[in-house]
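Undergrad: I'm passing along input-v3.txt; it holds compact mmCIF, C-alpha atoms and all ligand atoms.
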# COMPACT_ATOMS: atom_id res chain seq x y z
CA MET A 24 7.30 38.72 -4.69
CA SER A 25 7.85 36.18 -7.52
CA SER A 26 4.82 34.26 -8.85
CA GLU A 27 6.38 31.00 -7.60
CA ALA A 28 6.60 32.39 -4.08
CA GLN A 29 2.91 33.35 -4.28
CA ILE A 30 1.82 29.90 -5.39
CA THR A 31 3.47 28.22 -2.42
CA ASP A 32 2.27 30.77 0.16
CA ILE A 33 0.55 29.10 3.12
CA LEU A 34 -0.81 31.11 6.02
CA PRO A 35 -0.41 29.44 9.45
CA GLU A 36 -4.19 28.92 9.78
CA ASN A 37 -4.29 27.29 6.33
CA TYR A 38 -1.37 25.05 7.23
CA ARG A 39 -3.34 23.87 10.26
CA PHE A 40 -6.45 23.44 8.11
CA LEU A 41 -4.52 21.24 5.66
CA GLN A 42 -2.94 19.18 8.48
CA ALA A 43 -6.40 18.61 10.00
CA HIS A 44 -7.93 17.78 6.62
CA ILE A 45 -5.30 15.13 5.79
CA TYR A 46 -5.50 13.65 9.29
CA SER A 47 -9.28 13.38 9.27
CA GLN A 48 -9.47 11.97 5.73
CA VAL A 49 -6.68 9.40 5.77
CA GLY A 50 -5.10 9.37 9.26
CA ILE A 51 -1.73 10.65 8.09
CA VAL A 52 0.10 12.93 10.48
CA LEU A 53 1.99 15.74 8.74
CA GLU A 54 4.11 17.63 11.24
CA ASP A 55 4.71 21.37 11.45
CA ASN A 56 7.94 21.12 9.43
CA LYS A 57 6.44 19.74 6.22
CA HIS A 58 5.98 23.03 4.38
CA TYR A 59 8.15 21.88 1.47
CA LEU A 60 5.95 18.79 1.04
CA PHE A 61 2.70 20.79 0.94
CA GLU A 62 4.32 23.28 -1.43
CA SER A 63 5.67 20.76 -3.94
CA ARG A 64 2.63 18.50 -3.90
CA LEU A 65 -0.10 21.17 -3.92
CA ALA A 66 1.40 23.65 -6.40
CA PRO A 67 0.25 21.54 -9.40
CA ILE A 68 -3.34 21.54 -8.06
CA VAL A 69 -3.17 25.32 -7.58
CA GLN A 70 -2.16 25.61 -11.24
CA GLN A 71 -4.78 23.11 -12.39
CA PHE A 72 -7.56 25.26 -10.89
CA SER A 73 -5.88 28.49 -12.12
CA LEU A 74 -5.57 29.76 -8.58
CA GLY A 75 -2.98 32.18 -7.23
CA SER A 76 -1.71 30.24 -4.22
CA ILE A 77 -2.18 27.35 -1.80
CA ASN A 78 -4.08 29.85 0.35
CA ASP A 79 -6.58 30.23 -2.50
CA LEU A 80 -6.84 26.42 -2.72
CA CYS A 81 -7.70 26.29 0.99
CA ALA A 82 -10.31 29.02 0.49
CA LEU A 83 -11.82 27.01 -2.39
CA MET A 84 -11.88 23.85 -0.27
CA LEU A 85 -13.60 25.72 2.56
CA ALA A 86 -16.07 27.49 0.27
CA LYS A 87 -17.01 24.60 -1.99
CA ARG A 88 -16.67 21.71 0.41
CA ASP A 89 -16.28 19.68 -2.76
CA PRO A 90 -15.22 16.16 -1.75
CA LYS A 91 -13.44 15.70 -5.09
CA ILE A 92 -11.04 18.60 -4.45
CA GLY A 93 -10.56 17.39 -0.86
CA GLN A 94 -9.76 13.89 -2.12
CA GLN A 95 -7.36 15.22 -4.74
CA VAL A 96 -5.48 17.15 -2.05
CA VAL A 97 -5.28 14.02 0.13
CA GLU A 98 -4.06 11.87 -2.77
CA ALA A 99 -1.42 14.47 -3.61
CA MET A 100 -0.16 14.37 -0.02
CA THR A 101 0.14 10.59 0.30
CA THR A 102 3.35 8.82 -0.66
CA ASN A 103 2.77 5.97 -3.13
CA GLU A 104 6.39 4.84 -3.50
CA THR A 105 6.58 1.10 -4.15
CA TYR A 106 8.45 -1.37 -6.34
CA PHE A 107 8.59 -5.05 -7.26
CA TYR A 108 10.02 -7.41 -4.64
CA ARG A 109 10.65 -4.61 -2.15
CA ASP A 110 12.51 -6.09 0.86
CA PRO A 111 13.49 -9.26 -1.03
CA GLY A 112 14.37 -11.12 2.20
CA GLN A 113 10.66 -11.13 3.08
CA TYR A 114 9.79 -12.81 -0.23
CA ASP A 115 12.55 -15.38 0.40
CA ALA A 116 11.03 -16.12 3.82
CA ILE A 117 7.59 -16.55 2.23
CA ARG A 118 9.04 -18.93 -0.36
CA THR A 119 11.18 -21.01 1.97
CA VAL A 120 9.18 -21.01 5.22
CA LEU A 121 5.54 -19.97 4.83
CA LEU A 122 4.71 -21.61 1.50
CA PRO A 123 5.99 -25.12 2.29
CA LYS A 124 3.96 -25.00 5.53
CA LEU A 125 0.80 -23.77 3.79
CA MET A 126 1.15 -26.26 0.95
CA GLU A 127 1.25 -29.07 3.46
CA GLU A 128 -1.63 -27.73 5.60
CA ARG A 129 -3.85 -26.92 2.60
CA LYS A 130 -3.21 -29.91 0.40
CA SER A 131 -6.85 -30.97 0.57
CA THR A 132 -8.45 -27.57 -0.17
CA ARG A 133 -5.55 -26.15 -2.25
CA LYS A 134 -6.71 -22.69 -1.27
CA MET A 135 -4.69 -19.70 0.02
CA ARG A 136 -5.60 -16.07 0.60
CA PHE A 137 -3.24 -13.12 0.80
CA TRP A 138 -3.68 -9.39 1.36
CA SER A 139 -1.54 -6.48 0.29
CA ALA A 140 -2.96 -3.74 2.54
CA ALA A 141 -1.85 -0.29 1.27
CA SER A 142 -0.97 -1.86 -2.07
CA SER A 143 -0.33 1.42 -3.93
CA THR A 144 0.08 0.68 -7.66
CA GLY A 145 0.10 -3.09 -7.19
CA GLN A 146 3.76 -4.15 -7.35
CA GLU A 147 3.56 -5.86 -3.92
CA ALA A 148 0.52 -7.98 -4.83
CA TYR A 149 1.86 -8.87 -8.28
CA SER A 150 5.33 -9.75 -6.91
CA LEU A 151 3.62 -12.28 -4.67
CA ALA A 152 1.54 -13.60 -7.58
CA MET A 153 4.68 -14.16 -9.69
CA LEU A 154 6.43 -15.82 -6.76
CA LEU A 155 3.50 -18.22 -6.32
CA LEU A 156 3.45 -19.06 -10.02
CA ASN A 157 7.21 -19.63 -9.93
CA GLU A 158 6.65 -22.07 -7.06
CA GLY A 159 4.26 -24.13 -9.17
CA LEU A 160 0.97 -23.03 -7.56
CA LYS A 161 -0.71 -22.33 -10.89
CA ASP A 162 -3.53 -24.82 -10.27
CA TRP A 163 -4.23 -23.77 -6.71
CA ASN A 164 -7.11 -21.54 -5.73
CA ILE A 165 -5.13 -18.39 -4.88
CA GLN A 166 -6.67 -15.06 -4.02
CA ILE A 167 -4.57 -11.95 -3.55
CA LEU A 168 -6.43 -8.85 -2.45
CA GLY A 169 -4.75 -5.47 -2.91
CA THR A 170 -6.31 -2.46 -1.21
CA ASP A 171 -5.46 1.20 -0.91
CA PHE A 172 -7.12 4.40 0.24
CA SER A 173 -6.42 6.08 -3.09
CA SER A 174 -8.74 5.17 -5.95
CA LYS A 175 -6.16 6.59 -8.36
CA VAL A 176 -3.51 3.99 -7.47
CA VAL A 177 -6.12 1.22 -7.24
CA GLU A 178 -7.19 1.93 -10.82
CA ARG A 179 -3.57 1.82 -11.97
CA ALA A 180 -2.95 -1.45 -10.12
CA ARG A 181 -5.95 -3.00 -11.90
CA THR A 182 -4.49 -2.23 -15.31
CA GLY A 183 -1.31 -4.21 -14.56
CA VAL A 184 0.59 -1.85 -16.85
CA TYR A 185 3.99 -0.54 -15.80
CA GLN A 186 6.53 1.85 -17.25
CA GLN A 187 10.09 0.86 -18.11
CA LEU A 188 11.43 2.62 -15.00
CA GLU A 189 9.02 0.68 -12.80
CA VAL A 190 9.93 -2.74 -14.20
CA ASN A 191 13.61 -1.80 -13.84
CA ARG A 192 13.11 -1.56 -10.05
CA GLY A 193 13.42 -4.88 -8.24
CA LEU A 194 12.04 -7.17 -10.95
CA PRO A 195 14.44 -9.89 -12.17
CA ALA A 196 14.89 -9.75 -15.97
CA ALA A 197 13.79 -13.37 -16.33
CA GLN A 198 10.45 -12.57 -14.66
CA LEU A 199 9.94 -9.52 -16.86
CA LEU A 200 10.27 -11.72 -19.92
CA LYS A 201 8.15 -14.51 -18.46
CA TYR A 202 5.22 -12.55 -16.99
CA PHE A 203 5.00 -9.30 -19.02
CA ARG A 204 4.30 -8.36 -22.63
CA ARG A 205 5.51 -5.15 -24.20
CA SER A 206 2.73 -2.67 -24.89
CA GLY A 207 4.16 0.35 -26.73
CA LEU A 208 6.58 2.00 -24.33
CA GLU A 209 5.08 0.13 -21.36
CA TRP A 210 4.84 -3.40 -20.03
CA GLN A 211 1.57 -5.27 -19.46
CA LEU A 212 1.35 -8.13 -16.96
CA THR A 213 0.05 -11.31 -18.54
CA GLU A 214 -3.41 -12.67 -17.73
CA PRO A 215 -2.35 -15.55 -15.41
CA VAL A 216 -0.66 -13.04 -13.07
CA ARG A 217 -3.38 -10.40 -13.30
CA ARG A 218 -6.26 -12.71 -12.53
CA MET A 219 -4.64 -13.77 -9.24
CA ALA A 220 -4.98 -10.25 -7.80
CA GLN A 221 -8.06 -8.08 -7.24
CA PHE A 222 -7.84 -4.46 -6.12
CA GLU A 223 -10.29 -2.47 -3.98
CA THR A 224 -10.38 0.98 -2.43
CA ILE A 225 -10.32 0.55 1.36
CA ASP A 226 -9.36 2.85 4.22
CA LEU A 227 -7.30 0.89 6.76
CA ARG A 228 -8.93 2.83 9.61
CA LYS A 229 -12.29 1.20 8.88
CA CYS A 230 -13.52 -2.14 10.18
CA LEU A 231 -11.52 -4.72 8.26
CA ARG A 232 -12.59 -8.03 9.76
CA THR A 233 -15.03 -9.01 7.04
CA LEU A 234 -12.17 -9.10 4.50
CA GLY A 235 -10.44 -12.13 5.97
CA PRO A 236 -9.38 -14.73 6.75
CA PHE A 237 -5.88 -14.39 5.25
CA ASP A 238 -2.75 -16.52 5.45
CA LEU A 239 -0.47 -13.54 4.94
CA VAL A 240 -0.96 -9.80 5.27
CA PHE A 241 1.52 -7.27 3.94
CA CYS A 242 1.10 -3.92 5.68
CA ARG A 243 4.31 -2.25 4.67
CA ASN A 244 5.52 1.32 4.63
CA VAL A 245 2.22 2.86 5.64
CA MET A 246 2.12 2.62 9.47
CA ILE A 247 4.97 5.16 9.63
CA TYR A 248 2.49 7.86 8.63
CA PHE A 249 -0.01 7.19 11.45
CA ASP A 250 -0.08 8.13 15.14
CA ASN A 251 0.16 5.44 17.82
CA LYS A 252 -3.57 5.23 18.44
CA THR A 253 -4.32 4.69 14.74
CA LYS A 254 -1.49 2.14 14.44
CA LEU A 255 -2.78 0.08 17.35
CA ASN A 256 -6.36 0.10 16.08
CA ILE A 257 -5.22 -1.01 12.63
CA MET A 258 -3.02 -3.80 14.07
CA LYS A 259 -5.98 -5.09 16.05
CA GLU A 260 -8.18 -5.04 12.96
CA LEU A 261 -5.50 -6.75 10.85
CA HIS A 262 -5.20 -9.47 13.46
CA GLY A 263 -8.94 -10.02 13.20
CA THR A 264 -8.56 -10.77 9.48
CA MET A 265 -5.89 -13.45 9.89
CA PHE A 266 -5.82 -17.19 10.32
CA ARG A 267 -4.11 -18.29 13.49
CA GLY A 268 -0.46 -18.83 12.49
CA GLY A 269 -0.82 -16.40 9.56
CA TRP A 270 1.98 -13.94 8.87
CA LEU A 271 1.91 -10.16 9.15
CA LEU A 272 4.79 -8.43 7.38
CA LEU A 273 5.60 -4.79 8.11
CA GLY A 274 8.09 -2.59 6.23
CA SER A 275 11.67 -3.55 7.09
CA THR A 276 12.29 -0.21 8.80
CA GLU A 277 8.97 -0.16 10.69
CA ALA A 278 9.05 -0.95 14.37
CA ALA A 279 6.11 -2.74 15.93
CA PHE A 280 5.17 -2.21 19.53
CA GLY A 281 2.41 -3.37 21.86
CA LEU A 282 1.54 -6.29 19.58
CA GLU A 283 2.46 -9.11 21.95
CA ASP A 284 -1.16 -9.93 22.79
CA TRP A 285 -2.00 -10.55 19.14
CA PHE A 286 1.21 -11.57 17.43
CA GLU A 287 4.31 -13.58 18.21
CA ARG A 288 7.48 -12.03 16.78
CA LYS A 289 9.68 -14.52 14.90
CA THR A 290 12.83 -13.99 12.90
CA PHE A 291 14.05 -15.90 9.88
CA GLY A 292 17.58 -14.72 9.05
CA ASN A 293 17.23 -10.94 9.18
CA VAL A 294 13.51 -10.97 8.43
CA THR A 295 11.00 -10.24 11.20
CA VAL A 296 7.59 -11.82 10.93
CA PHE A 297 4.55 -11.29 13.17
CA VAL A 298 2.72 -14.57 13.55
CA ALA A 299 -0.97 -14.24 14.49
CA ARG A 300 -1.83 -15.83 17.85
C1 LIG A 401 4.47 4.09 0.52
S1 LIG A 401 3.06 3.27 -0.12
C2 LIG A 401 3.45 1.59 0.33
C3 LIG A 401 3.19 0.63 -0.80
C4 LIG A 401 3.60 -0.82 -0.53
N1 LIG A 401 2.92 -1.34 0.62
C5 LIG A 401 5.09 -0.94 -0.36
O1 LIG A 401 5.55 -1.10 0.77
O2 LIG A 401 5.82 -0.89 -1.35
C6 LIG A 401 1.82 3.72 1.10
C7 LIG A 401 0.39 3.57 0.60
O3 LIG A 401 -0.48 3.67 1.73
C8 LIG A 401 -1.69 4.23 1.30
N2 LIG A 401 -2.43 4.73 2.47
C9 LIG A 401 -2.15 5.80 3.25
N3 LIG A 401 -3.08 5.94 4.21
C10 LIG A 401 -3.97 4.92 4.04
C11 LIG A 401 -5.16 4.52 4.72
N4 LIG A 401 -5.65 5.20 5.77
N5 LIG A 401 -5.81 3.43 4.28
C12 LIG A 401 -5.34 2.72 3.21
N6 LIG A 401 -4.23 3.06 2.52
C13 LIG A 401 -3.55 4.14 2.94
C14 LIG A 401 -1.24 5.32 0.33
O4 LIG A 401 -2.30 5.69 -0.56
C15 LIG A 401 -0.05 4.65 -0.37
O5 LIG A 401 -0.42 4.08 -1.59
Represent the structure from my file as structure tokens, please.
TA:
Amino acid sequence: MSSEAQITDILPENYRFLQAHIYSQVGIVLEDNKHYLFESRLAPIVQQFSLGSINDLCALMLAKRDPKIGQQVVEAMTTNETYFYRDPGQYDAIRTVLLPKLMEERKSTRKMRFWSAASSTGQEAYSLAMLLLNEGLKDWNIQILGTDFSSKVVERARTGVYQQLEVNRGLPAAQLLKYFRRSGLEWQLTEPVRRMAQFETIDLRKCLRTLGPFDLVFCRNVMIYFDNKTKLNIMKELHGTMFRGGWLLLGSTEAAFGLEDWFERKTFGNVTVFVAR
């Protein structure tokens, strides 16, 4: 057997152990056909601990019960894919429909609160911050909260530093020049953008109500990983964090179901928005 084959070996009982571990820690359902995902994501951890195989990693997790190793395995198995202005139609709808309404309703307090739930490395929260600055809201009291289960991505989001490849994805060149400064081979977001967003580590399966109230909640490209029970609980909690009339935006490919009691579905062009009842 080649050494590579040994590294990626997973006994059926260990596969079940890993599935149960990920589900209990973060709520993500990894089906029985995800061997390739476990293999590619866990092999680097096996090497890091100088172990022989994923089976050895499971044995270490069981023996040590070290939460740090458990967390590292969970973080390796979560997908953090994100980019600036993902689903641009949603940002257009915010700019043309939600913002004019909020600016009128809030002209006395000049305060707005937004939440990027499952924010990953921060591009979603910062895209919104740049959009708001572009719309002339510099002197308003704006708070954008970004949260994610993974402390690793939260720490990265806080730095506001992005690689060339990351700023090449979705970000208009004019905004790169306006809101970023070069820092070696990377790009650093400028202070006015960074101070609009704060990032915290939060598990979406926990009680969320104390975080609100928000005018807009992004919860995009994360629900797909949960089972129906978890999805419904999270939707209910998200609703509890929102102003009446506030917007919930899901990923453009994510279907919502059973939300009629809490949200009214509205469409603007080809963008679907869930308006809190
Ligand atoms: C694919 S990214 C989506 C990023 C961004 N919302 C977007 O659409 O571009 C999914 C994120 O969900 C986070 N996540 C997964 N399970 C979570 C949970 N139970 N609570 C909070 N965040 C979670 C992952 O850590 C990951 O960063």
Undergrad: Counting all atoms listed in the file, what residues are within 9 Å of ligand LIG 401 (chain A), given as a VMD selection string?
TA: chain A and resid 48 to 51 97 to 98 100 to 110 139 to 148 170 to 177 224 to 229 241 to 246 248 to 249 273 to 274
Undergrad: Would you mind telling me which residue in A:Ala66, A:Val240, A:Leu199, A:Ala279 lies nearest to Gly263 of chain A when using all atoms listed in the file?
TA: A:Val240
Undergrad: What's the 7 Å shell around segment 72-89 of chain A, counting only C-alpha atoms, without same-chain residues fewer than 3 positions away, as a list in words?
TA: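 The neighbour list is Gln29, Ile30, Thr31, Asp32, Ile33, Leu34, Asn37, Leu65, Ala66, Ile68, Val69, Ile92 and Gly93 of chain A.
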Undergrad: Contacts of Ser206 of chain A at 10 Å or less, counting only C-alpha atoms, minus same-chain residues fewer than 3 places along, as a PyMOL selection string?
TA: chain A and resi 184-186+203+209-212
Undergrad: Any idea what the distance is between atom CA of Leu239 of chain A and atom CA of Ala197 of chain A?
TA: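 Taking atom CA of Leu239 of chain A as the start and atom CA of Ala197 of chain A as the end point, the length is 25.6 Å.
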Undergrad: Reconstruct N, CA and C atoms of segment 136-151 of chain A; output as a PDB file, in the frame of the given file.
TA:
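What follows is the written file result.pdb:
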ATOM      1  N   ARG A 136      -5.155 -17.462   0.790  1.00  0.00           N
ATOM      2  CA  ARG A 136      -5.600 -16.070   0.600  1.00  0.00           C
ATOM      3  C   ARG A 136      -4.577 -15.095   1.175  1.00  0.00           C
ATOM      4  N   PHE A 137      -4.264 -14.085   0.406  1.00  0.00           N
ATOM      5  CA  PHE A 137      -3.240 -13.120   0.800  1.00  0.00           C
ATOM      6  C   PHE A 137      -3.780 -11.699   0.644  1.00  0.00           C
ATOM      7  N   TRP A 138      -3.204 -10.776   1.411  1.00  0.00           N
ATOM      8  CA  TRP A 138      -3.680  -9.390   1.360  1.00  0.00           C
ATOM      9  C   TRP A 138      -2.500  -8.428   1.327  1.00  0.00           C
ATOM     10  N   SER A 139      -2.498  -7.578   0.342  1.00  0.00           N
ATOM     11  CA  SER A 139      -1.540  -6.480   0.290  1.00  0.00           C
ATOM     12  C   SER A 139      -2.315  -5.228   0.715  1.00  0.00           C
ATOM     13  N   ALA A 140      -2.248  -4.910   2.011  1.00  0.00           N
ATOM     14  CA  ALA A 140      -2.960  -3.740   2.540  1.00  0.00           C
ATOM     15  C   ALA A 140      -2.074  -2.535   2.247  1.00  0.00           C
ATOM     16  N   ALA A 141      -2.644  -1.445   1.747  1.00  0.00           N
ATOM     17  CA  ALA A 141      -1.850  -0.290   1.270  1.00  0.00           C
ATOM     18  C   ALA A 141      -0.984  -0.726   0.092  1.00  0.00           C
ATOM     19  N   SER A 142      -1.657  -1.211  -0.938  1.00  0.00           N
ATOM     20  CA  SER A 142      -0.970  -1.860  -2.070  1.00  0.00           C
ATOM     21  C   SER A 142      -0.392  -0.870  -3.068  1.00  0.00           C
ATOM     22  N   SER A 143      -0.767   0.412  -2.956  1.00  0.00           N
ATOM     23  CA  SER A 143      -0.330   1.420  -3.930  1.00  0.00           C
ATOM     24  C   SER A 143      -0.614   0.922  -5.353  1.00  0.00           C
ATOM     25  N   THR A 144       0.350   1.009  -6.259  1.00  0.00           N
ATOM     26  CA  THR A 144       0.080   0.680  -7.660  1.00  0.00           C
ATOM     27  C   THR A 144       0.195  -0.816  -7.981  1.00  0.00           C
ATOM     28  N   GLY A 145       0.285  -1.655  -6.972  1.00  0.00           N
ATOM     29  CA  GLY A 145       0.100  -3.090  -7.190  1.00  0.00           C
ATOM     30  C   GLY A 145       1.352  -3.959  -7.230  1.00  0.00           C
ATOM     31  N   GLN A 146       2.533  -3.343  -7.202  1.00  0.00           N
ATOM     32  CA  GLN A 146       3.760  -4.150  -7.350  1.00  0.00           C
ATOM     33  C   GLN A 146       3.886  -5.220  -6.257  1.00  0.00           C
ATOM     34  N   GLU A 147       3.439  -4.907  -5.032  1.00  0.00           N
ATOM     35  CA  GLU A 147       3.560  -5.860  -3.920  1.00  0.00           C
ATOM     36  C   GLU A 147       2.687  -7.100  -4.185  1.00  0.00           C
ATOM     37  N   ALA A 148       1.445  -6.871  -4.570  1.00  0.00           N
ATOM     38  CA  ALA A 148       0.520  -7.980  -4.830  1.00  0.00           C
ATOM     39  C   ALA A 148       0.994  -8.813  -6.016  1.00  0.00           C
ATOM     40  N   TYR A 149       1.434  -8.137  -7.090  1.00  0.00           N
ATOM     41  CA  TYR A 149       1.860  -8.870  -8.280  1.00  0.00           C
ATOM     42  C   TYR A 149       3.196  -9.591  -8.061  1.00  0.00           C
ATOM     43  N   SER A 150       4.074  -9.036  -7.214  1.00  0.00           N
ATOM     44  CA  SER A 150       5.330  -9.750  -6.910  1.00  0.00           C
ATOM     45  C   SER A 150       4.984 -11.087  -6.262  1.00  0.00           C
ATOM     46  N   LEU A 151       4.026 -11.048  -5.339  1.00  0.00           N
ATOM     47  CA  LEU A 151       3.620 -12.280  -4.670  1.00  0.00           C
ATOM     48  C   LEU A 151       2.988 -13.254  -5.678  1.00  0.00           C
TER      49      LEU A 151
END
